[in-house]
Amino acid sequence: MTPVQPSSSHPHHKARALPRGVPRPAKQLCSDCGLCDTYYIHYVREACAFLNQQFPQLEEQSHGRSRQLESDPEVYFGVHQGMVAARKRQPIAGAQWTGIVTTIATTMLTQGLVEGVVCVQNTETDRFQPQPILATTPAEILAARVNKPTLSPNLSVLEQVERSGLKRLLVIGVGCQIQALRSVQDRLGLEQLYVLGTPCVDNVNRAGLQRFLETTSRSPDTVVHYEFMQDFRVHFRHQDGCTETVPFFGLKTNQLKDVFAPSCMGCFDYVNGLADLVVGYMGAPFGWQWIVVRNPRGQAMLDLVLDQLETQPVDS
Ligand SMILES: Cc1cc2nc3c(=O)[nH]c(=O)nc-3n(C[C@H](O)[C@H](O)[C@H](O)COP(=O)(O)OP(=O)(O)OC[C@H]3O[C@@H](n4cnc5c(N)ncnc54)[C@H](O)[C@@H]3O)c2cc1C
Ligand code: SF4
Ligand code: SF4
């Protein structure tokens, strides 16, 4: 692909990204969404989830309406037109759950709906250190499977998106990343943007994650995957494939009091209300995933992979 030089007609091209390690405008509340790693920092006062709230307007922009406040399900789960529990008939090995997110992303790419996907791999040396990328091959998306359970600057690749000249893009991300993305989406030079979200809560920075692993797992260095499960236990999967479970009441809460990032203690968008389609696990039976379709674009994304899924209704 030939890189395209952005025209200098936009004011953001004159702005300068902040170097890593320099405090961000939201100071200690910053969730490191990545926007300030790009010249889109120009829009930070408006776009940052922790400096400005414009949720109803962004819901309107993304879904054509804001959530119905007289409807309990919409108050809790955001604008939606459907919900379902699902799992892949043939799960992707090494995915966080059954790999529905990776499957939707690779299918959108191979079927030509998008030319690139913003997702997050890990660094070569650290399984849990996020490395956001603009993926343009199915192999690169597959290599981004599984959660990096830490704050991740996914939007740090937005300059690369504009320079690449891509016109149709899928972005995968958590709520705070998606809120900033929605705010600047019209400045990315795109014709089509699809957003595939996951829920997110109680996230940590890399040091906080280390403290959690060291105080909770019997073998912190061999953990490759963990999740807070519906059976009220943390399930750690280790390199040798074995699973260690720790009941929530066994967590050393006195040592974990301040482990969560301040941004995440104040986060109000657990359900990723601005994504077109959300894939999580909360509320689904054990081993199943939970899917929220927010708008027709999200339904079209889900329809692409329905033949690979078993589904069942969600109950209350
Ligand atoms: C930090 C985090 C917290 C979560 N908390 C909850 C929760 O409380 N309740 C719930 O129901 N679901 C939660 N989820 C979603 C859930 O754990 C699964 O990610 C989701 O069900 C998709 O599973 P999958 O097998 O389809 O994903 P996979 O196919 O394995 O794909 C995972 C995708 O997540 C992206 N990703 C990985 N790490 C990050 C990150 N740090 N930030 C942004 N994107 C990332 C990758 O790009 C990849 O495409 C969370 C996800 C993340 C990333
Ligand atoms: S949360 Fe994102 S937009 Fe806000 S200050 Fe941090 S990096 Fe910048
Ligand atoms: S809990 Fe909220 S603020 Fe923290 S990373 Fe997740 S979406 Fe962002």
# chains A, B, ... in the order shown; residues from 1 in each chain; ligands from 1
call {"tool": "residues_around", "arguments": {"residues": "A:Thr106", "least_positions_apart": "5", "cutoff": "9 Å", "atoms": "only C-alpha atoms", "output": "PDB file with N, CA, C and O atoms, in the first residue's frame"}}
result
ATOM      1  N   VAL A 101     -14.694 -12.389  18.450  1.00  0.00           N
ATOM      2  CA  VAL A 101     -14.155 -11.094  18.004  1.00  0.00           C
ATOM      3  C   VAL A 101     -13.166 -11.303  16.856  1.00  0.00           C
ATOM      4  O   VAL A 101     -13.262 -10.659  15.796  1.00  0.00           O
ATOM      5  N   GLN A 111     -13.641 -10.638   3.459  1.00  0.00           N
ATOM      6  CA  GLN A 111     -14.767 -10.369   2.560  1.00  0.00           C
ATOM      7  C   GLN A 111     -14.746  -8.945   2.004  1.00  0.00           C
ATOM      8  O   GLN A 111     -15.661  -8.541   1.296  1.00  0.00           O
ATOM      9  N   VAL A 117      -7.735  -3.285  10.260  1.00  0.00           N
ATOM     10  CA  VAL A 117      -8.359  -3.505  11.572  1.00  0.00           C
ATOM     11  C   VAL A 117      -7.419  -2.983  12.660  1.00  0.00           C
ATOM     12  O   VAL A 117      -6.259  -3.402  12.723  1.00  0.00           O
ATOM     13  N   THR A 137      -3.771  -8.057   7.480  1.00  0.00           N
ATOM     14  CA  THR A 137      -3.851  -9.468   7.068  1.00  0.00           C
ATOM     15  C   THR A 137      -4.564 -10.252   8.165  1.00  0.00           C
ATOM     16  O   THR A 137      -4.488  -9.888   9.355  1.00  0.00           O
ATOM     17  N   PRO A 138      -5.235 -11.371   7.801  1.00  0.00           N
ATOM     18  CA  PRO A 138      -5.886 -12.199   8.820  1.00  0.00           C
ATOM     19  C   PRO A 138      -4.888 -12.702   9.861  1.00  0.00           C
ATOM     20  O   PRO A 138      -5.212 -12.795  11.041  1.00  0.00           O
ATOM     21  N   ALA A 139      -3.652 -13.004   9.447  1.00  0.00           N
ATOM     22  CA  ALA A 139      -2.654 -13.517  10.405  1.00  0.00           C
ATOM     23  C   ALA A 139      -2.350 -12.475  11.487  1.00  0.00           C
ATOM     24  O   ALA A 139      -2.176 -12.815  12.663  1.00  0.00           O
ATOM     25  N   ILE A 141      -4.418 -10.207  12.582  1.00  0.00           N
ATOM     26  CA  ILE A 141      -5.585 -10.128  13.488  1.00  0.00           C
ATOM     27  C   ILE A 141      -5.569 -11.335  14.437  1.00  0.00           C
ATOM     28  O   ILE A 141      -5.820 -11.204  15.637  1.00  0.00           O
ATOM     29  N   LEU A 142      -5.269 -12.489  13.888  1.00  0.00           N
ATOM     30  CA  LEU A 142      -5.227 -13.707  14.710  1.00  0.00           C
ATOM     31  C   LEU A 142      -4.174 -13.559  15.816  1.00  0.00           C
ATOM     32  O   LEU A 142      -4.392 -13.980  16.955  1.00  0.00           O
TER      33      LEU A 142
END
call {"tool": "select_by_dssp", "arguments": {"residues": "stretch 78-286 of chain A", "states": "alpha helix (DSSP H)", "output": "PDB file with N, CA, C and O atoms, in the first residue's frame"}}
result
ATOM      1  N   ILE A 100     -14.941 -15.111  19.013  1.00  0.00           N
ATOM      2  CA  ILE A 100     -15.938 -14.474  18.138  1.00  0.00           C
ATOM      3  C   ILE A 100     -15.391 -13.144  17.597  1.00  0.00           C
ATOM      4  O   ILE A 100     -15.551 -12.820  16.416  1.00  0.00           O
ATOM      5  N   VAL A 101     -14.694 -12.389  18.450  1.00  0.00           N
ATOM      6  CA  VAL A 101     -14.155 -11.094  18.004  1.00  0.00           C
ATOM      7  C   VAL A 101     -13.166 -11.303  16.856  1.00  0.00           C
ATOM      8  O   VAL A 101     -13.262 -10.659  15.796  1.00  0.00           O
ATOM      9  N   THR A 102     -12.234 -12.214  17.043  1.00  0.00           N
ATOM     10  CA  THR A 102     -11.233 -12.459  15.998  1.00  0.00           C
ATOM     11  C   THR A 102     -11.901 -12.955  14.716  1.00  0.00           C
ATOM     12  O   THR A 102     -11.515 -12.552  13.608  1.00  0.00           O
ATOM     13  N   THR A 103     -12.914 -13.788  14.860  1.00  0.00           N
ATOM     14  CA  THR A 103     -13.583 -14.338  13.678  1.00  0.00           C
ATOM     15  C   THR A 103     -14.321 -13.250  12.901  1.00  0.00           C
ATOM     16  O   THR A 103     -14.246 -13.188  11.660  1.00  0.00           O
ATOM     17  N   ILE A 104     -15.017 -12.373  13.616  1.00  0.00           N
ATOM     18  CA  ILE A 104     -15.718 -11.280  12.915  1.00  0.00           C
ATOM     19  C   ILE A 104     -14.698 -10.393  12.199  1.00  0.00           C
ATOM     20  O   ILE A 104     -14.871 -10.031  11.027  1.00  0.00           O
ATOM     21  N   ALA A 105     -13.607 -10.079  12.872  1.00  0.00           N
ATOM     22  CA  ALA A 105     -12.613  -9.161  12.280  1.00  0.00           C
ATOM     23  C   ALA A 105     -11.962  -9.782  11.040  1.00  0.00           C
ATOM     24  O   ALA A 105     -11.839  -9.117  10.002  1.00  0.00           O
ATOM     25  N   THR A 106     -11.574 -11.043  11.131  1.00  0.00           N
ATOM     26  CA  THR A 106     -10.905 -11.650   9.968  1.00  0.00           C
ATOM     27  C   THR A 106     -11.902 -11.801   8.817  1.00  0.00           C
ATOM     28  O   THR A 106     -11.546 -11.595   7.648  1.00  0.00           O
ATOM     29  N   THR A 107     -13.157 -12.111   9.133  1.00  0.00           N
ATOM     30  CA  THR A 107     -14.152 -12.266   8.069  1.00  0.00           C
ATOM     31  C   THR A 107     -14.426 -10.929   7.386  1.00  0.00           C
ATOM     32  O   THR A 107     -14.543 -10.851   6.155  1.00  0.00           O
ATOM     33  N   MET A 108     -14.507  -9.874   8.165  1.00  0.00           N
ATOM     34  CA  MET A 108     -14.736  -8.547   7.557  1.00  0.00           C
ATOM     35  C   MET A 108     -13.589  -8.183   6.624  1.00  0.00           C
ATOM     36  O   MET A 108     -13.798  -7.592   5.563  1.00  0.00           O
ATOM     37  N   LEU A 109     -12.380  -8.561   7.013  1.00  0.00           N
ATOM     38  CA  LEU A 109     -11.217  -8.257   6.165  1.00  0.00           C
ATOM     39  C   LEU A 109     -11.219  -9.122   4.901  1.00  0.00           C
ATOM     40  O   LEU A 109     -11.079  -8.610   3.787  1.00  0.00           O
ATOM     41  N   THR A 110     -11.424 -10.427   5.064  1.00  0.00           N
ATOM     42  CA  THR A 110     -11.320 -11.311   3.889  1.00  0.00           C
ATOM     43  C   THR A 110     -12.490 -11.076   2.923  1.00  0.00           C
ATOM     44  O   THR A 110     -12.345 -11.275   1.726  1.00  0.00           O
ATOM     45  N   PRO A 138      -5.235 -11.371   7.801  1.00  0.00           N
ATOM     46  CA  PRO A 138      -5.886 -12.199   8.820  1.00  0.00           C
ATOM     47  C   PRO A 138      -4.888 -12.702   9.861  1.00  0.00           C
ATOM     48  O   PRO A 138      -5.212 -12.795  11.041  1.00  0.00           O
ATOM     49  N   ALA A 139      -3.652 -13.004   9.447  1.00  0.00           N
ATOM     50  CA  ALA A 139      -2.654 -13.517  10.405  1.00  0.00           C
ATOM     51  C   ALA A 139      -2.350 -12.475  11.487  1.00  0.00           C
ATOM     52  O   ALA A 139      -2.176 -12.815  12.663  1.00  0.00           O
ATOM     53  N   GLU A 140      -2.311 -11.207  11.086  1.00  0.00           N
ATOM     54  CA  GLU A 140      -2.030 -10.160  12.087  1.00  0.00           C
ATOM     55  C   GLU A 140      -3.195 -10.022  13.076  1.00  0.00           C
ATOM     56  O   GLU A 140      -2.996  -9.761  14.252  1.00  0.00           O
ATOM     57  N   ILE A 141      -4.418 -10.207  12.582  1.00  0.00           N
ATOM     58  CA  ILE A 141      -5.585 -10.128  13.488  1.00  0.00           C
ATOM     59  C   ILE A 141      -5.569 -11.335  14.437  1.00  0.00           C
ATOM     60  O   ILE A 141      -5.820 -11.204  15.637  1.00  0.00           O
ATOM     61  N   LEU A 142      -5.269 -12.489  13.888  1.00  0.00           N
ATOM     62  CA  LEU A 142      -5.227 -13.707  14.710  1.00  0.00           C
ATOM     63  C   LEU A 142      -4.174 -13.559  15.816  1.00  0.00           C
ATOM     64  O   LEU A 142      -4.392 -13.980  16.955  1.00  0.00           O
ATOM     65  N   LEU A 158      -3.817   5.790  15.140  1.00  0.00           N
ATOM     66  CA  LEU A 158      -4.722   6.579  14.286  1.00  0.00           C
ATOM     67  C   LEU A 158      -3.986   7.427  13.248  1.00  0.00           C
ATOM     68  O   LEU A 158      -4.483   7.625  12.138  1.00  0.00           O
ATOM     69  N   GLU A 159      -2.791   7.917  13.575  1.00  0.00           N
ATOM     70  CA  GLU A 159      -2.040   8.669  12.553  1.00  0.00           C
ATOM     71  C   GLU A 159      -1.703   7.753  11.390  1.00  0.00           C
ATOM     72  O   GLU A 159      -1.774   8.139  10.223  1.00  0.00           O
ATOM     73  N   GLN A 160      -1.317   6.529  11.754  1.00  0.00           N
ATOM     74  CA  GLN A 160      -0.972   5.537  10.724  1.00  0.00           C
ATOM     75  C   GLN A 160      -2.189   5.260   9.830  1.00  0.00           C
ATOM     76  O   GLN A 160      -2.052   5.086   8.624  1.00  0.00           O
ATOM     77  N   VAL A 161      -3.373   5.255  10.426  1.00  0.00           N
ATOM     78  CA  VAL A 161      -4.598   5.026   9.649  1.00  0.00           C
ATOM     79  C   VAL A 161      -4.740   6.115   8.596  1.00  0.00           C
ATOM     80  O   VAL A 161      -4.917   5.846   7.402  1.00  0.00           O
ATOM     81  N   GLU A 162      -4.613   7.357   9.014  1.00  0.00           N
ATOM     82  CA  GLU A 162      -4.804   8.457   8.059  1.00  0.00           C
ATOM     83  C   GLU A 162      -3.721   8.426   6.979  1.00  0.00           C
ATOM     84  O   GLU A 162      -3.996   8.591   5.800  1.00  0.00           O
ATOM     85  N   ARG A 163      -2.480   8.169   7.400  1.00  0.00           N
ATOM     86  CA  ARG A 163      -1.371   8.145   6.430  1.00  0.00           C
ATOM     87  C   ARG A 163      -1.513   7.001   5.442  1.00  0.00           C
ATOM     88  O   ARG A 163      -1.067   7.091   4.300  1.00  0.00           O
ATOM     89  N   SER A 164      -2.090   5.882   5.883  1.00  0.00           N
ATOM     90  CA  SER A 164      -2.174   4.697   5.014  1.00  0.00           C
ATOM     91  C   SER A 164      -3.156   4.912   3.861  1.00  0.00           C
ATOM     92  O   SER A 164      -3.104   4.210   2.867  1.00  0.00           O
ATOM     93  N   GLY A 175     -14.460   0.747  26.078  1.00  0.00           N
ATOM     94  CA  GLY A 175     -15.297   1.936  26.066  1.00  0.00           C
ATOM     95  C   GLY A 175     -14.579   3.270  25.967  1.00  0.00           C
ATOM     96  O   GLY A 175     -14.950   4.119  25.150  1.00  0.00           O
ATOM     97  N   CYS A 176     -13.535   3.483  26.785  1.00  0.00           N
ATOM     98  CA  CYS A 176     -12.890   4.801  26.788  1.00  0.00           C
ATOM     99  C   CYS A 176     -12.193   5.062  25.455  1.00  0.00           C
ATOM    100  O   CYS A 176     -12.154   6.206  24.982  1.00  0.00           O
ATOM    101  N   GLN A 177     -11.646   4.000  24.855  1.00  0.00           N
ATOM    102  CA  GLN A 177     -11.002   4.153  23.538  1.00  0.00           C
ATOM    103  C   GLN A 177     -12.062   4.516  22.494  1.00  0.00           C
ATOM    104  O   GLN A 177     -11.850   5.385  21.633  1.00  0.00           O
ATOM    105  N   ILE A 178     -13.203   3.849  22.572  1.00  0.00           N
ATOM    106  CA  ILE A 178     -14.229   4.038  21.540  1.00  0.00           C
ATOM    107  C   ILE A 178     -14.877   5.420  21.670  1.00  0.00           C
ATOM    108  O   ILE A 178     -15.207   6.054  20.667  1.00  0.00           O
ATOM    109  N   GLN A 179     -15.015   5.902  22.906  1.00  0.00           N
ATOM    110  CA  GLN A 179     -15.595   7.242  23.050  1.00  0.00           C
ATOM    111  C   GLN A 179     -14.710   8.295  22.369  1.00  0.00           C
ATOM    112  O   GLN A 179     -15.193   9.158  21.636  1.00  0.00           O
ATOM    113  N   ALA A 180     -13.399   8.224  22.589  1.00  0.00           N
ATOM    114  CA  ALA A 180     -12.497   9.193  21.940  1.00  0.00           C
ATOM    115  C   ALA A 180     -12.506   8.997  20.427  1.00  0.00           C
ATOM    116  O   ALA A 180     -12.513   9.956  19.653  1.00  0.00           O
ATOM    117  N   LEU A 181     -12.539   7.735  20.000  1.00  0.00           N
ATOM    118  CA  LEU A 181     -12.581   7.448  18.559  1.00  0.00           C
ATOM    119  C   LEU A 181     -13.815   8.068  17.913  1.00  0.00           C
ATOM    120  O   LEU A 181     -13.734   8.717  16.859  1.00  0.00           O
ATOM    121  N   ARG A 182     -14.997   7.863  18.536  1.00  0.00           N
ATOM    122  CA  ARG A 182     -16.238   8.402  17.964  1.00  0.00           C
ATOM    123  C   ARG A 182     -16.158   9.917  17.824  1.00  0.00           C
ATOM    124  O   ARG A 182     -16.716  10.494  16.902  1.00  0.00           O
ATOM    125  N   SER A 183     -15.478  10.539  18.771  1.00  0.00           N
ATOM    126  CA  SER A 183     -15.409  11.988  18.748  1.00  0.00           C
ATOM    127  C   SER A 183     -14.579  12.507  17.571  1.00  0.00           C
ATOM    128  O   SER A 183     -14.855  13.579  17.047  1.00  0.00           O
ATOM    129  N   VAL A 184     -13.561  11.722  17.146  1.00  0.00           N
ATOM    130  CA  VAL A 184     -12.678  12.216  16.061  1.00  0.00           C
ATOM    131  C   VAL A 184     -12.897  11.457  14.746  1.00  0.00           C
ATOM    132  O   VAL A 184     -12.182  11.682  13.775  1.00  0.00           O
ATOM    133  N   ARG A 206       0.258  -1.971  33.713  1.00  0.00           N
ATOM    134  CA  ARG A 206       1.071  -3.204  33.685  1.00  0.00           C
ATOM    135  C   ARG A 206       1.622  -3.544  35.074  1.00  0.00           C
ATOM    136  O   ARG A 206       1.669  -4.712  35.458  1.00  0.00           O
ATOM    137  N   ALA A 207       2.034  -2.495  35.839  1.00  0.00           N
ATOM    138  CA  ALA A 207       2.579  -2.746  37.180  1.00  0.00           C
ATOM    139  C   ALA A 207       1.482  -3.281  38.103  1.00  0.00           C
ATOM    140  O   ALA A 207       1.707  -4.182  38.915  1.00  0.00           O
ATOM    141  N   GLY A 208       0.274  -2.727  37.960  1.00  0.00           N
ATOM    142  CA  GLY A 208      -0.851  -3.183  38.776  1.00  0.00           C
ATOM    143  C   GLY A 208      -1.198  -4.634  38.470  1.00  0.00           C
ATOM    144  O   GLY A 208      -1.507  -5.429  39.364  1.00  0.00           O
ATOM    145  N   LEU A 209      -1.120  -4.978  37.197  1.00  0.00           N
ATOM    146  CA  LEU A 209      -1.391  -6.368  36.808  1.00  0.00           C
ATOM    147  C   LEU A 209      -0.389  -7.304  37.479  1.00  0.00           C
ATOM    148  O   LEU A 209      -0.744  -8.371  37.991  1.00  0.00           O
ATOM    149  N   GLN A 210       0.883  -6.878  37.505  1.00  0.00           N
ATOM    150  CA  GLN A 210       1.918  -7.719  38.102  1.00  0.00           C
ATOM    151  C   GLN A 210       1.620  -7.958  39.584  1.00  0.00           C
ATOM    152  O   GLN A 210       1.743  -9.065  40.089  1.00  0.00           O
ATOM    153  N   ARG A 211       1.183  -6.884  40.253  1.00  0.00           N
ATOM    154  CA  ARG A 211       0.869  -7.019  41.684  1.00  0.00           C
ATOM    155  C   ARG A 211      -0.292  -7.992  41.877  1.00  0.00           C
ATOM    156  O   ARG A 211      -0.265  -8.853  42.755  1.00  0.00           O
ATOM    157  N   PHE A 212      -1.311  -7.867  41.007  1.00  0.00           N
ATOM    158  CA  PHE A 212      -2.461  -8.771  41.098  1.00  0.00           C
ATOM    159  C   PHE A 212      -2.008 -10.228  40.903  1.00  0.00           C
ATOM    160  O   PHE A 212      -2.369 -11.116  41.669  1.00  0.00           O
ATOM    161  N   LEU A 213      -1.182 -10.447  39.854  1.00  0.00           N
ATOM    162  CA  LEU A 213      -0.742 -11.826  39.582  1.00  0.00           C
ATOM    163  C   LEU A 213       0.073 -12.359  40.753  1.00  0.00           C
ATOM    164  O   LEU A 213      -0.104 -13.507  41.187  1.00  0.00           O
ATOM    165  N   GLU A 214       0.977 -11.526  41.278  1.00  0.00           N
ATOM    166  CA  GLU A 214       1.883 -12.009  42.329  1.00  0.00           C
ATOM    167  C   GLU A 214       1.171 -12.259  43.649  1.00  0.00           C
ATOM    168  O   GLU A 214       1.563 -13.138  44.400  1.00  0.00           O
ATOM    169  N   THR A 215       0.088 -11.508  43.907  1.00  0.00           N
ATOM    170  CA  THR A 215      -0.607 -11.735  45.176  1.00  0.00           C
ATOM    171  C   THR A 215      -1.695 -12.798  45.051  1.00  0.00           C
ATOM    172  O   THR A 215      -2.194 -13.275  46.052  1.00  0.00           O
ATOM    173  N   THR A 216      -2.061 -13.181  43.817  1.00  0.00           N
ATOM    174  CA  THR A 216      -3.232 -14.052  43.664  1.00  0.00           C
ATOM    175  C   THR A 216      -2.900 -15.426  43.097  1.00  0.00           C
ATOM    176  O   THR A 216      -3.504 -16.425  43.502  1.00  0.00           O
ATOM    177  N   THR A 253      -7.529  -8.698  49.295  1.00  0.00           N
ATOM    178  CA  THR A 253      -8.042  -7.358  48.989  1.00  0.00           C
ATOM    179  C   THR A 253      -7.253  -6.259  49.707  1.00  0.00           C
ATOM    180  O   THR A 253      -7.146  -5.150  49.210  1.00  0.00           O
ATOM    181  N   ASN A 254      -6.663  -6.572  50.867  1.00  0.00           N
ATOM    182  CA  ASN A 254      -5.888  -5.537  51.571  1.00  0.00           C
ATOM    183  C   ASN A 254      -4.670  -5.112  50.741  1.00  0.00           C
ATOM    184  O   ASN A 254      -4.232  -3.972  50.799  1.00  0.00           O
ATOM    185  N   GLN A 255      -4.141  -6.028  49.916  1.00  0.00           N
ATOM    186  CA  GLN A 255      -2.972  -5.675  49.080  1.00  0.00           C
ATOM    187  C   GLN A 255      -3.391  -5.192  47.691  1.00  0.00           C
ATOM    188  O   GLN A 255      -2.554  -4.779  46.892  1.00  0.00           O
ATOM    189  N   LEU A 256      -4.688  -5.289  47.399  1.00  0.00           N
ATOM    190  CA  LEU A 256      -5.144  -4.952  46.040  1.00  0.00           C
ATOM    191  C   LEU A 256      -5.982  -3.687  46.011  1.00  0.00           C
ATOM    192  O   LEU A 256      -6.515  -3.320  44.965  1.00  0.00           O
ATOM    193  N   PRO A 262      -6.983   4.689  38.375  1.00  0.00           N
ATOM    194  CA  PRO A 262      -7.990   5.690  38.764  1.00  0.00           C
ATOM    195  C   PRO A 262      -9.026   5.923  37.665  1.00  0.00           C
ATOM    196  O   PRO A 262     -10.207   6.104  37.947  1.00  0.00           O
ATOM    197  N   SER A 263      -8.597   5.891  36.394  1.00  0.00           N
ATOM    198  CA  SER A 263      -9.558   6.070  35.295  1.00  0.00           C
ATOM    199  C   SER A 263     -10.669   5.034  35.396  1.00  0.00           C
ATOM    200  O   SER A 263     -11.852   5.331  35.212  1.00  0.00           O
ATOM    201  N   CYS A 264     -10.294   3.822  35.714  1.00  0.00           N
ATOM    202  CA  CYS A 264     -11.241   2.699  35.680  1.00  0.00           C
ATOM    203  C   CYS A 264     -12.145   2.720  36.910  1.00  0.00           C
ATOM    204  O   CYS A 264     -13.255   2.190  36.863  1.00  0.00           O
ATOM    205  N   MET A 265     -11.671   3.360  37.998  1.00  0.00           N
ATOM    206  CA  MET A 265     -12.539   3.496  39.172  1.00  0.00           C
ATOM    207  C   MET A 265     -13.659   4.493  38.871  1.00  0.00           C
ATOM    208  O   MET A 265     -14.713   4.450  39.485  1.00  0.00           O
TER     209      MET A 265
END
call {"tool": "select_by_dssp", "arguments": {"residues": "stretch 131-295 of chain A", "states": "strand (DSSP E or B)", "output": "VMD selection string"}}
result
chain A and resid 131 to 135 168 to 173 192 to 197 223 to 228 233 to 238 243 to 247 277 to 280 289 to 293
call {"tool": "closest_atom_pairs", "arguments": {"of": "chain A", "to": "ligand 1", "cutoff": "6 Å", "atoms": "only C-alpha atoms and all ligand atoms", "output": "JSON lines"}}
result
{"residue": "A:Ala95", "atom": "CA", "partner": "ligand 1", "partner_atom_place_in_ligand_line": "30 (O)", "distance": 3.5}
{"residue": "A:Gln96", "atom": "CA", "partner": "ligand 1", "partner_atom_place_in_ligand_line": "30 (O)", "distance": 3.9}
{"residue": "A:Trp97", "atom": "CA", "partner": "ligand 1", "partner_atom_place_in_ligand_line": "25 (O)", "distance": 3.4}
{"residue": "A:Thr98", "atom": "CA", "partner": "ligand 1", "partner_atom_place_in_ligand_line": "25 (O)", "distance": 4.3}
{"residue": "A:Gly99", "atom": "CA", "partner": "ligand 1", "partner_atom_place_in_ligand_line": "29 (O)", "distance": 3.3}
{"residue": "A:Ile100", "atom": "CA", "partner": "ligand 1", "partner_atom_place_in_ligand_line": "26 (O)", "distance": 3.7}
{"residue": "A:Val101", "atom": "CA", "partner": "ligand 1", "partner_atom_place_in_ligand_line": "26 (O)", "distance": 3.8}
{"residue": "A:Thr102", "atom": "CA", "partner": "ligand 1", "partner_atom_place_in_ligand_line": "29 (O)", "distance": 3.8}
{"residue": "A:Cys119", "atom": "CA", "partner": "ligand 1", "partner_atom_place_in_ligand_line": "47 (O)", "distance": 3.6}
{"residue": "A:Val120", "atom": "CA", "partner": "ligand 1", "partner_atom_place_in_ligand_line": "47 (O)", "distance": 3.9}
{"residue": "A:Ala144", "atom": "CA", "partner": "ligand 1", "partner_atom_place_in_ligand_line": "47 (O)", "distance": 5.0}
{"residue": "A:Arg145", "atom": "CA", "partner": "ligand 1", "partner_atom_place_in_ligand_line": "30 (O)", "distance": 3.8}
{"residue": "A:Val146", "atom": "CA", "partner": "ligand 1", "partner_atom_place_in_ligand_line": "30 (O)", "distance": 3.4}
{"residue": "A:Asn147", "atom": "CA", "partner": "ligand 1", "partner_atom_place_in_ligand_line": "37 (C)", "distance": 3.6}
{"residue": "A:Lys148", "atom": "CA", "partner": "ligand 1", "partner_atom_place_in_ligand_line": "38 (N)", "distance": 3.8}
{"residue": "A:Pro149", "atom": "CA", "partner": "ligand 1", "partner_atom_place_in_ligand_line": "1 (C)", "distance": 4.4}
{"residue": "A:Thr150", "atom": "CA", "partner": "ligand 1", "partner_atom_place_in_ligand_line": "41 (N)", "distance": 5.0}
{"residue": "A:Leu151", "atom": "CA", "partner": "ligand 1", "partner_atom_place_in_ligand_line": "41 (N)", "distance": 5.3}
{"residue": "A:Ser152", "atom": "CA", "partner": "ligand 1", "partner_atom_place_in_ligand_line": "41 (N)", "distance": 4.7}
{"residue": "A:Ile172", "atom": "CA", "partner": "ligand 1", "partner_atom_place_in_ligand_line": "47 (O)", "distance": 5.8}
{"residue": "A:Gly173", "atom": "CA", "partner": "ligand 1", "partner_atom_place_in_ligand_line": "43 (C)", "distance": 4.1}
{"residue": "A:Val174", "atom": "CA", "partner": "ligand 1", "partner_atom_place_in_ligand_line": "43 (C)", "distance": 4.9}
{"residue": "A:Thr198", "atom": "CA", "partner": "ligand 1", "partner_atom_place_in_ligand_line": "15 (C)", "distance": 4.7}
{"residue": "A:Pro199", "atom": "CA", "partner": "ligand 1", "partner_atom_place_in_ligand_line": "13 (C)", "distance": 4.5}
{"residue": "A:Cys200", "atom": "CA", "partner": "ligand 1", "partner_atom_place_in_ligand_line": "5 (N)", "distance": 3.6}
{"residue": "A:Val201", "atom": "CA", "partner": "ligand 1", "partner_atom_place_in_ligand_line": "8 (O)", "distance": 4.8}
{"residue": "A:Asn203", "atom": "CA", "partner": "ligand 1", "partner_atom_place_in_ligand_line": "1 (C)", "distance": 5.8}
{"residue": "A:Val279", "atom": "CA", "partner": "ligand 1", "partner_atom_place_in_ligand_line": "21 (O)", "distance": 5.0}
{"residue": "A:Gly280", "atom": "CA", "partner": "ligand 1", "partner_atom_place_in_ligand_line": "21 (O)", "distance": 3.3}
{"residue": "A:Tyr281", "atom": "CA", "partner": "ligand 1", "partner_atom_place_in_ligand_line": "11 (O)", "distance": 3.7}
{"residue": "A:Met282", "atom": "CA", "partner": "ligand 1", "partner_atom_place_in_ligand_line": "11 (O)", "distance": 3.6}
{"residue": "A:Gln289", "atom": "CA", "partner": "ligand 1", "partner_atom_place_in_ligand_line": "21 (O)", "distance": 5.7}
call {"tool": "residues_around", "arguments": {"residues": "A:Thr311", "least_positions_apart": "4", "cutoff": "8 Å", "atoms": "only C-alpha atoms", "output": "VMD selection string"}}
result
chain A and resid 84 to 87
call {"tool": "write_last_selection", "arguments": {"atoms": "N, CA, C and O atoms", "output": "mmCIF file, in the first residue's frame"}}
result
data_model
loop_
_atom_site.group_PDB
_atom_site.id
_atom_site.type_symbol
_atom_site.label_atom_id
_atom_site.label_comp_id
_atom_site.auth_asym_id
_atom_site.auth_seq_id
_atom_site.Cartn_x
_atom_site.Cartn_y
_atom_site.Cartn_z
ATOM 1 N N VAL A 84 -27.877 -11.654 22.480
ATOM 2 C CA VAL A 84 -27.931 -13.106 22.351
ATOM 3 C C VAL A 84 -26.692 -13.690 23.041
ATOM 4 O O VAL A 84 -25.660 -13.005 23.169
ATOM 5 N N ALA A 85 -26.811 -14.922 23.527
ATOM 6 C CA ALA A 85 -25.624 -15.649 24.017
ATOM 7 C C ALA A 85 -25.145 -16.528 22.862
ATOM 8 O O ALA A 85 -25.967 -17.080 22.122
ATOM 9 N N ALA A 86 -23.827 -16.634 22.702
ATOM 10 C CA ALA A 86 -23.317 -17.384 21.544
ATOM 11 C C ALA A 86 -21.959 -17.977 21.872
ATOM 12 O O ALA A 86 -21.271 -17.526 22.795
ATOM 13 N N ARG A 87 -21.607 -19.008 21.138
ATOM 14 C CA ARG A 87 -20.227 -19.501 21.197
ATOM 15 C C ARG A 87 -19.881 -20.088 19.844
ATOM 16 O O ARG A 87 -20.776 -20.563 19.116
#
call {"tool": "residues_around", "arguments": {"residues": "A:His13", "least_positions_apart": "2", "cutoff": "12 Å", "atoms": "only C-alpha atoms", "output": "list in words"}}
result
Gln5, Pro6, Ser7, Ser8, Ser9, His10, Pro11, Ala15, Arg16, Ala17, Thr38, Tyr39, Tyr40, Ile41, His42, Tyr43, Glu159, Glu162, Arg163, Arg187 and Leu188 of chain A
